[in-house]
Amino acid sequence: MKAEGLSLSCPTPLGRHMTVQMAHGGGGRLMRELIERLFLPTFGSPAAAERHDSAAVTLGDQRIAFTTDSYVVRPLFFPGGDIGKLAVYGTVNDLAMSGAKPAYLSAGFILEEGLPFETLTKIVRSMADAASDCGVELVTGDTKVVDKGKGDEVFINTAGIGLIPPGVHIRPSRVRPGDVIILSGDVGRHGVAILSVREGLEFDTAIESDCASLSSLVQTILATGADVHCLRDLTRGGLASALNEIAADAGVDLEIDEAAIPVQPSVAGACEILGLDPLYVANEGRLVAFVPREYADRVLAAMRGNAVACDAAVIGRVTATGSGRVVARGPFGPARLLDLLSGEQLPRIC
Amino acid sequence: MKYVDEYRQAARVRGLAAAIHAETTRDWRIMEVCGGQTHAIVRFGLDQLLPKRITLIHGPGCPVCVTPLELIDRALAIASRPNVTFCSFGDMLRVPGSTTDLLTVKSTGGDVRIVYSPLDALALARARPDREVVFFAVGFETTAPANAMAVVQAYREGLNNFSVLVSHVTVPPAIETILSSDGNLVQGFLAAGHVCTVMGCEEYHRLAVKFHVPIVVTGFEPVDILEGVRLCVRQLEEGRAVVENPYARSVRPEGNAPARALIDEVFETVDRSWRGIGMIPASGYRLRSRFRAYDAELKFAVEKIVAVEPEECISGAILQGRRTPHDCPAFGTRCTPESPLGATMVSSEGTCAAYYRYARFATAPSSCNVREVGAAT
């Protein structure tokens with residue numbers, strides 16, 4: 001693929017921006033623009049063109065899922081998890097979304113001068129525990145240290161590979177009108193947990209991140225024998241952004257029943273107070289599955305039998321081939337457009 | 001969730017919608033004043049539940065939208081100073097000034113922070129005596145008491161590295177301006193419940209009498225809004241024009257006395273310019289002389305600001321209910337939340353942003369039943 005109309009030798013404004021904005025990493029429209037207008041045309045591999053959580057590549061006669069992710073979360077420790085756990089589960093989950101069984105991970109650390117070893121040790125142990133929990137090995141790594149003030153204590157990058165079983169083809173382009181959309185559990189917990197620590201907000205009941213490995217859940221789903229069309233784990237930008245990405249990449253329209261989406265009362269309350277929409281709040285242990293209607297009951301029952309998805313629910317369906325429009329039918333009948341945001345949600349004034 | 005779920009019950013919502021259908025015999029145009037109400041109406045599709053004869057006009061009650069460009073430019077200039085930590089509510093950060101916005105200032109090195117309360121900014125000032133901490137005091141009467149509290153506390157503690165950039169506006173003068181304007185379309189008002197929680201209902205009685213217009217103090221949940229519409233329609237049908245308060249669980253007739261006293265202690269009334277509307281006499285607040293040391297406008301001399309609005313933007317007419325976003329040729333094309341021409345496209349409470357997010361497509365697949373909302377009759 002050629003980079004049409006794009007010269008890297010001169011400054012290239014992206015949209016109206018001359019410089020990188022926070023929203024370019026926020027999981028919304030600006031990030032999509034960055035990928036579509038700079039990364040994809042410049043790197044342009046066919047394996048990257050299928051926009052999914054991990055790339056499916058063939059080595060010899062094996063199909064391998066390959067992915068990477070960087071973790072810059074603040075605070076490093078939060079209710080329900082920490083940066084180390086996230087760095088393992090996040091990459092494992094991205095591999096699992098291709099139907100792969102995650103096998104090996106790398107770990108790259110960018111450490112800020114002065115980081116206490118106590119902190120680093122806690123993070124590394126947490127990574128080891130998480131890896132053992134989902135049956136992957138951390139087999140290679142890298143360490144860099146930057147001057148005090150040039151980092152934020154610790155940044156972690158992990159990459160991972162896993163084998164995709166024969167006959168498993170899970171990717172957005174397989175989504176079809178008629179597919180049923182199943183969500184694995186309640187949404188919005190990770191984002192609110194992080195925000196409550198970061199901003200010192202206190203709620204009656206502590207809200208814990210949903211941070212979890214989805215690998216065993218995916219194995220459970222595949223064991224049903226269902227022809228799963230697509231899986232997507234929900235991260236930044238939440239459920240709404242994930243649905244928008246898939247709808248756009250698959251060229252289909254989706255309809256969601258808002259009342260069917262589980263949200264914990266404490267999360268719903270926090271979002272009301274902060275002026276946030278829980279459908280756009282980050283998650284770290286949830287997925288949506290797109291399956292043909294005839295498999296929906298079987299997949300749903302299997303998911304509910306897994307500890308990380310006991311509240312799984314059918315939340316909507318693929319209505320038609322289309323332009324990637326996602327509508328949410330509200331509790332009173334009328335539907336609203338569930339759009340892709342520019343970047344992260346900003347809290348409202350009042 | 002208590003205080004929310006009971007006001008979102010589908011049976012109550014449908015019952016109210018049916019009652020409104022039964023009582024409506026003529027065409028009526030009702031303005032909901034507050035952007036929070038607009039947001040709920042479009043989000044829940046409440047306007048789609050109403051009879052076609054009722055048109056909801058979205059009013060100027062979005063503080064982000066009506067903050068004048070000149071003040072945004074001033075905020076940007078202050079926030080760009082190396083010794084300043086500039087604190088703001090989240091949704092001011094994307095509002096375009098003449099050339100840039102606060103998010104861009106942040107990305108080019110400015111210390112711009114989102115806070116949830118002016119008291120957070122105050123805490124920052126205490127913790128960082130080496131920094132000048134400026135809070136962007138935006139909002140209607142609702143946010144004024146907390147902002148006043150921050151100034152009083154700074155004054156008591158003798159904190160001299162804290163100041164506020166005041167852009168407070170008040171609702172009743174805006175209602176009076178709309179009702180006095182040529183070609184006014186509005187026949188009834190849903191007043192902003194949270195503003196009345198602070199200020200009470202007193203000021204609205206005079207307006208109801210002077211302009212013979214029903215004013216119903218209305219909350220923000222679907223049941224509240226439809227109850228407000230029902231009472232407003234009933235008054236219009238019966239030819240009455242009084243102030244009613246179905247939002248009594250929050251609003252007392254006299255308002256919140258300590259909050260009002262605090263506002264009065266710290267602020268005095270001034271003429272204020274509203275973005276897209278223009279100067280409205282006695283429609284805002286500034287700090288009283290006793291607290292001038294905390295006025296960021298005086299503390300930070302900024303070179304003369306020449307604010308230039310994009311010519312194409314019709315947000316002024318939209319804020320006054322004379323046009324809808326669908327009347328704007330730039331809506332959804334040259335003006336989007338990523339690249340807004342005016343503030344009504346930025347704020348989550350802004351009419352254009354609400355239309356863009358929830359109802360941008362005039363038509364939709366027949367199975368979805370999404371339709372254009374709020375088009376004026």
# chains A, B, ... in the order shown; residues from 1 in each chain; ligands from 1

call {"tool": "interface_residues", "arguments": {"of": "chain B", "to": "chain A", "cutoff": "9 Å", "atoms": "only C-alpha atoms", "output": "PyMOL selection string"}}
result
chain B and resi 1+4+8-11+13-14+36+42-46+48-49+63-64+89-94+103-104+106-108+114-116+138-139+142-143+194+337-339+347-349+356-361+365+367-371

call {"tool": "residues_around", "arguments": {"residues": "Phe135 (chain B)", "least_positions_apart": "2", "cutoff": "7 Å", "atoms": "only C-alpha atoms", "output": "PyMOL selection string"}}
result
chain B and resi 86-88+118+121+133+137+163-165

call {"tool": "atom_distance", "arguments": {"atom1": "CA of Lys210 (chain B)", "atom2": "CA of Ser250 (chain B)"}}
result
26.2 Å

call {"tool": "residues_around", "arguments": {"residues": "region 304-314 of chain B", "least_positions_apart": "3", "cutoff": "7 Å", "atoms": "only C-alpha atoms", "output": "list of chain:residue names"}}
result
B:Leu69, B:Glu70, B:Ser98, B:Ala317, B:Ile318, B:Cys328, B:Leu341, B:Gly342

call {"tool": "write_last_selection", "arguments": {"atoms": "C-alpha atoms", "output": "short mmCIF file (atom, residue, chain, number, x, y, z; two decimals), in the first residue's frame"}}
result
data_model
loop_
_atom_site.label_atom_id
_atom_site.label_comp_id
_atom_site.auth_asym_id
_atom_site.auth_seq_id
_atom_site.Cartn_x
_atom_site.Cartn_y
_atom_site.Cartn_z
CA LEU B 69 -15.04 34.19 22.74
CA GLU B 70 -13.11 37.13 24.15
CA SER B 98 -10.19 32.47 18.00
CA ALA B 317 -29.62 31.90 16.43
CA ILE B 318 -29.60 28.34 17.73
CA CYS B 328 -26.81 25.10 9.36
CA LEU B 341 -16.89 26.20 14.50
CA GLY B 342 -18.81 27.24 17.60
#

call {"tool": "residues_around", "arguments": {"residues": "Leu319 (chain B)", "least_positions_apart": "6", "cutoff": "8 Å", "atoms": "only C-alpha atoms", "output": "list in words"}}
result
His58, Gly59, Pro60, Gly276, Ile277 and Thr351 of chain B

call {"tool": "write_last_selection", "arguments": {"atoms": "all heavy atoms", "output": "PDB file, in the first residue's frame"}}
result
ATOM      1  N   HIS B  58     -34.538  24.576  22.045  1.00  0.00           N
ATOM      2  CA  HIS B  58     -33.438  24.397  23.001  1.00  0.00           C
ATOM      3  C   HIS B  58     -32.807  25.747  23.323  1.00  0.00           C
ATOM      4  O   HIS B  58     -32.322  26.436  22.443  1.00  0.00           O
ATOM      5  CB  HIS B  58     -32.411  23.427  22.427  1.00  0.00           C
ATOM      6  CG  HIS B  58     -33.058  22.186  21.859  1.00  0.00           C
ATOM      7  ND1 HIS B  58     -33.949  21.438  22.587  1.00  0.00           N
ATOM      8  CD2 HIS B  58     -32.965  21.600  20.648  1.00  0.00           C
ATOM      9  CE1 HIS B  58     -34.373  20.419  21.838  1.00  0.00           C
ATOM     10  NE2 HIS B  58     -33.797  20.507  20.665  1.00  0.00           N
ATOM     11  N   GLY B  59     -32.791  26.091  24.573  1.00  0.00           N
ATOM     12  CA  GLY B  59     -32.422  27.437  25.003  1.00  0.00           C
ATOM     13  C   GLY B  59     -30.941  27.659  25.249  1.00  0.00           C
ATOM     14  O   GLY B  59     -30.118  26.793  24.965  1.00  0.00           O
ATOM     15  N   PRO B  60     -30.605  28.820  25.787  1.00  0.00           N
ATOM     16  CA  PRO B  60     -29.198  29.234  25.915  1.00  0.00           C
ATOM     17  C   PRO B  60     -28.544  28.787  27.204  1.00  0.00           C
ATOM     18  O   PRO B  60     -27.538  29.353  27.606  1.00  0.00           O
ATOM     19  CB  PRO B  60     -29.314  30.760  25.875  1.00  0.00           C
ATOM     20  CG  PRO B  60     -30.620  31.029  26.563  1.00  0.00           C
ATOM     21  CD  PRO B  60     -31.529  29.873  26.210  1.00  0.00           C
ATOM     22  N   GLY B 276     -22.745  34.530  20.942  1.00  0.00           N
ATOM     23  CA  GLY B 276     -23.812  34.266  19.983  1.00  0.00           C
ATOM     24  C   GLY B 276     -25.050  35.110  20.191  1.00  0.00           C
ATOM     25  O   GLY B 276     -25.927  35.146  19.347  1.00  0.00           O
ATOM     26  N   ILE B 277     -25.167  35.773  21.341  1.00  0.00           N
ATOM     27  CA  ILE B 277     -26.375  36.549  21.618  1.00  0.00           C
ATOM     28  C   ILE B 277     -26.050  38.031  21.738  1.00  0.00           C
ATOM     29  O   ILE B 277     -26.758  38.876  21.210  1.00  0.00           O
ATOM     30  CB  ILE B 277     -27.057  36.043  22.918  1.00  0.00           C
ATOM     31  CG1 ILE B 277     -27.532  34.597  22.711  1.00  0.00           C
ATOM     32  CG2 ILE B 277     -28.230  36.947  23.303  1.00  0.00           C
ATOM     33  CD1 ILE B 277     -28.149  33.968  23.946  1.00  0.00           C
ATOM     34  N   THR B 351     -26.478  22.345  21.999  1.00  0.00           N
ATOM     35  CA  THR B 351     -27.521  21.801  21.129  1.00  0.00           C
ATOM     36  C   THR B 351     -26.915  21.068  19.925  1.00  0.00           C
ATOM     37  O   THR B 351     -27.340  19.969  19.577  1.00  0.00           O
ATOM     38  CB  THR B 351     -28.416  22.951  20.628  1.00  0.00           C
ATOM     39  OG1 THR B 351     -28.930  23.628  21.765  1.00  0.00           O
ATOM     40  CG2 THR B 351     -29.569  22.435  19.797  1.00  0.00           C
TER      41      THR B 351
END
